[in-house]
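Undergrad: Input: one structure, supplied below.
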Amino acid sequence: MSDEAAAIAAAQAGDQDAFRVLVELHSRSVFRLAYRMTGNEQDAEDVVQEAFLRAYKQLHRYENRASFATWVYRIAANYSLDLIRSRKTVESDTILEHLRESGAGPDRLYVSGKMQETLDRALEGLSQQERTAFVLRHFEGQSIDEIGGVLGIGNNAAKHSIFRAVQKLRKALTPWASVTTT
Amino acid sequence: MMMTTHPNEEEMILHYYGEPEAPSTIDAHLRDCGDCRQRFEALRRMLESLDTVRVPERGPMYGAEVWNRLRPQLPRTAAKVSKAPVMSWKSWGAVAAMLTVGVSGYYMGKYSNVAPAVTPEVAKTLASNEQFERGRQRVLLVALTDHFEKSRMILAELSNATPGAAGGVDISYEREEASDLLESNRLYRQAALQQGDTQAATLLDDLERMLLEVAHTSPKVGNDEFEELRQRIKDRGLAFKVRVFTSRIEDMGKAPANTSKGNNRL
Ligand SMILES: [Zn+2]
């Protein structure tokens, strides 16, 4: 039995200190995921906190079919979606408009340090499901299969969420992409 | 073998991510077809530009911080009223850093009239959550007791060590422990100072100097040098003072949990 498996078993038996091991193992990666999902540090902290709290309460339902990381990601991603849903969402049109209105050429955007903002906004232009699917695929390296599992949707739906996400991002970012990588 | 049709964007996306569904011939096609290669490169650059999205850094103690915030919120399981946590004492450095104000507020209840210098950020973190407050107090109690206990152990070990016949004493263990404890000791001392508790600050200050001295002694010291070190520890009566202080804290811990401000506990 791995250390993690032992910790899960002990935590399921009610050992809080064992759960602590799991929290310490995974909180950084859950934070990264949450930040990329919400684009906001405070929200990301809320997600981390809530995800582990929910995980703890649902621990008896965890089965070893998925890794603990995938399981807690699913909880974090779902809570991120709830959080985003409760906020005003930015439509992709608005992003494109913003980019047009900003009137700044790629060089100026880059030099003025606005690149980060542009990227953030591009991600904000995705629908919730698109964003989750894309974040998990691009940043977390999860396969389309796994993403379907996390989101509770079919393989095809997961795949098309990613396609749509990439298409939207391309539209929002292509004018600048060459600047960032050269 | 060249693909007869040019891959579409979706196929390129699958290929970029190495998904098994991507057409197996796409690599060969990209080698042979300049147009598609250009399209794929543009896609790749666009996706890679996303990797510049910065995620704010989280320190090495982040896991412990999350746990410390989480712990008071966890529902008690029927069987288990949590025993003294077996968290590594190193985690407590982070606790102390995060809760500098609370530390002194906890064991220096007599200064309850001194307004704690809560920074807006700390205040936000604490969010006057009562449940959190209670958990925080437990956490700090254990943290302080743990810190003092470990310090006392080092001093006791040094006092009881016997010089080797061949000359020289190996204190590498105590030395390492001492240097590990220094960091949290500093945090607690700062907290005490901030709170104006000179008694605690003085003790922590003495302790810090002692720890510093031990940490900076060579791992293997000559008999004479060791004897001097031991004498200094004895002269300062630190082990005893620390023990008195620890029992003071422990007594406080036996008081019923206060749900309002941790400062009113004594
Ligand atoms: Zn082609």
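Each chain in the structure tokens gets a letter, A, B and so on, in the order shown; residues start at 1 in every chain, and ligands are counted from 1 in the order they appear.
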Each residue of chain B lying at most 7 Å from ligand 1 should get a row with its shortest atom-to-atom pair and the distance in Å to one decimal, counting only C-alpha atoms and all ligand atoms; could you produce that, ordered by chain and increasing number, as CSV?
TA:
```
residue,atom,partner,partner_atom_place_in_ligand_line,distance
B:Thr5,CA,ligand 1,1 (Zn),6.9
B:His6,CA,ligand 1,1 (Zn),4.0
B:Pro7,CA,ligand 1,1 (Zn),6.5
B:His29,CA,ligand 1,1 (Zn),6.3
B:Leu30,CA,ligand 1,1 (Zn),6.6
B:Cys33,CA,ligand 1,1 (Zn),4.5
B:Gly34,CA,ligand 1,1 (Zn),6.8
B:Asp35,CA,ligand 1,1 (Zn),5.7
B:Cys36,CA,ligand 1,1 (Zn),4.2
```
Undergrad: Determine, using only C-alpha atoms, which residues of chain A have any atom at most 8 Å from an atom of chain B, and tabulate each with its shortest atom pair and distance in Å to one decimal place, rows ordered by chain and then rising number, as CSV.
TA:
```
residue,atom,partner,partner_atom,distance
A:Gly14,CA,B:Thr77,CA,6.2
A:Asp15,CA,B:Lys80,CA,7.7
A:Gln16,CA,B:Ser82,CA,7.2
A:Asp17,CA,B:Pro85,CA,6.7
A:Arg20,CA,B:Trp67,CA,6.2
A:Val23,CA,B:Gly63,CA,6.2
A:Glu24,CA,B:Gly63,CA,4.0
A:Leu25,CA,B:Gly63,CA,7.0
A:His26,CA,B:Gly63,CA,7.6
A:Ser27,CA,B:Gly63,CA,5.5
A:Arg28,CA,B:Gly63,CA,6.8
A:Arg32,CA,B:Val55,CA,6.5
A:Tyr35,CA,B:Val55,CA,6.8
A:Arg36,CA,B:Val55,CA,7.4
A:Glu41,CA,B:Pro56,CA,7.4
A:Val48,CA,B:Val66,CA,7.8
A:Gln49,CA,B:Leu70,CA,6.5
A:Phe52,CA,B:Leu70,CA,7.7
A:Leu53,CA,B:Leu74,CA,6.7
A:Tyr56,CA,B:Leu74,CA,7.5
A:Lys57,CA,B:Pro75,CA,7.8
A:Gln116,CA,B:Val53,CA,6.1
A:Leu119,CA,B:Val53,CA,6.6
A:Asp120,CA,B:Val53,CA,7.2
A:Arg137,CA,B:Tyr17,CA,7.8
A:His138,CA,B:Tyr17,CA,7.8
A:Phe139,CA,B:Asp51,CA,7.9
A:Ser143,CA,B:Glu19,CA,7.0
A:Ile144,CA,B:Glu19,CA,7.6
A:Phe163,CA,B:Glu10,CA,6.2
A:Val166,CA,B:Ile13,CA,8.0
A:Arg170,CA,B:Met46,CA,6.5
A:Leu173,CA,B:Met46,CA,6.6
A:Thr174,CA,B:Met46,CA,6.1
A:Ala177,CA,B:Met46,CA,4.9
A:Ser178,CA,B:Arg45,CA,6.7
A:Thr180,CA,B:Ser49,CA,5.9
A:Thr181,CA,B:Ser49,CA,6.5
```
Undergrad: Can I get the selected residues back with C-alpha atoms, as a PDB file, in the first residue's frame?
TA:
```pdb
ATOM      1  CA  GLY A  14     -11.756   8.937  10.919  1.00  0.00           C
ATOM      2  CA  ASP A  15      -8.117   9.893  11.377  1.00  0.00           C
ATOM      3  CA  GLN A  16      -7.883  13.631  10.796  1.00  0.00           C
ATOM      4  CA  ASP A  17      -4.112  13.633  10.871  1.00  0.00           C
ATOM      5  CA  ARG A  20      -3.826  16.286   6.726  1.00  0.00           C
ATOM      6  CA  VAL A  23      -4.194  18.068   2.123  1.00  0.00           C
ATOM      7  CA  GLU A  24      -0.491  18.790   2.280  1.00  0.00           C
ATOM      8  CA  LEU A  25       0.185  16.583  -0.725  1.00  0.00           C
ATOM      9  CA  HIS A  26      -2.391  18.112  -3.011  1.00  0.00           C
ATOM     10  CA  SER A  27      -3.199  21.652  -1.939  1.00  0.00           C
ATOM     11  CA  ARG A  28      -0.665  23.319  -4.206  1.00  0.00           C
ATOM     12  CA  ARG A  32      -3.105  25.997  -9.394  1.00  0.00           C
ATOM     13  CA  TYR A  35      -6.563  29.763  -9.965  1.00  0.00           C
ATOM     14  CA  ARG A  36      -6.667  28.839 -13.601  1.00  0.00           C
ATOM     15  CA  GLU A  41      -6.471  34.523  -6.114  1.00  0.00           C
ATOM     16  CA  VAL A  48      -9.031  25.055  -2.177  1.00  0.00           C
ATOM     17  CA  GLN A  49     -10.632  25.353   1.218  1.00  0.00           C
ATOM     18  CA  PHE A  52     -10.899  19.784   0.796  1.00  0.00           C
ATOM     19  CA  LEU A  53     -13.787  20.326   3.166  1.00  0.00           C
ATOM     20  CA  TYR A  56     -13.439  15.250   3.795  1.00  0.00           C
ATOM     21  CA  LYS A  57     -17.191  15.064   4.166  1.00  0.00           C
ATOM     22  CA  GLN A 116      -1.016  38.829 -18.784  1.00  0.00           C
ATOM     23  CA  LEU A 119      -4.358  36.090 -21.612  1.00  0.00           C
ATOM     24  CA  ASP A 120      -6.537  36.247 -18.536  1.00  0.00           C
ATOM     25  CA  ARG A 137      -6.192  19.329 -20.752  1.00  0.00           C
ATOM     26  CA  HIS A 138      -3.700  22.108 -21.281  1.00  0.00           C
ATOM     27  CA  PHE A 139      -2.365  22.877 -17.822  1.00  0.00           C
ATOM     28  CA  SER A 143      -6.577  13.141 -21.109  1.00  0.00           C
ATOM     29  CA  ILE A 144      -9.930  13.758 -22.760  1.00  0.00           C
ATOM     30  CA  PHE A 163     -12.099  22.275 -29.523  1.00  0.00           C
ATOM     31  CA  VAL A 166      -9.045  26.402 -28.504  1.00  0.00           C
ATOM     32  CA  ARG A 170      -7.077  31.346 -31.141  1.00  0.00           C
ATOM     33  CA  LEU A 173      -4.883  35.494 -29.048  1.00  0.00           C
ATOM     34  CA  THR A 174      -3.521  34.838 -32.495  1.00  0.00           C
ATOM     35  CA  ALA A 177       0.830  34.833 -30.069  1.00  0.00           C
ATOM     36  CA  SER A 178       3.863  35.483 -32.221  1.00  0.00           C
ATOM     37  CA  THR A 180       5.125  36.024 -26.796  1.00  0.00           C
ATOM     38  CA  THR A 181       7.158  33.205 -28.171  1.00  0.00           C
TER      39      THR A 181
END
```
Undergrad: Find, counting only C-alpha atoms, the residue in A:Leu126, A:Ala77, A:Leu59, A:Ala69 that gets nearest to Ala165 (chain A).
TA: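 With only C-alpha atoms as the atom set, the closest residue is A:Leu126.
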Undergrad: Under the rule that only C-alpha atoms are counted, which of A:Ala18, A:Val30, A:Ala158, A:Val135 is the nearest residue to Thr70 (chain A)?
TA: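 Once distances to Thr70 (chain A) are computed over only C-alpha atoms, the minimum belongs to A:Val30.
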Undergrad: Nearest to Gln142 (chain A): which of A:Arg74, A:Arg121, A:His60, A:Arg54 is it, counting only C-alpha atoms?
TA: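 Using only C-alpha atoms, the shortest distance to Gln142 (chain A) belongs to A:Arg74.
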Undergrad: Between CA of Phe226 (chain B) and CA of Asn185 (chain B), measure the distance and give it in Å to one decimal.
TA: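 It comes out at 23.5 Å.
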Undergrad: CA of Asp205 (chain B) and CA of Arg186 (chain B), how far apart in Å?
TA: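 Distance between the two atoms: 8.2 Å.
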Undergrad: Between CA of Pro72 (chain B) and CA of Glu183 (chain B), measure the distance and give it in Å to one decimal.
TA: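 That distance, rounded to one decimal, is 25.3 Å.
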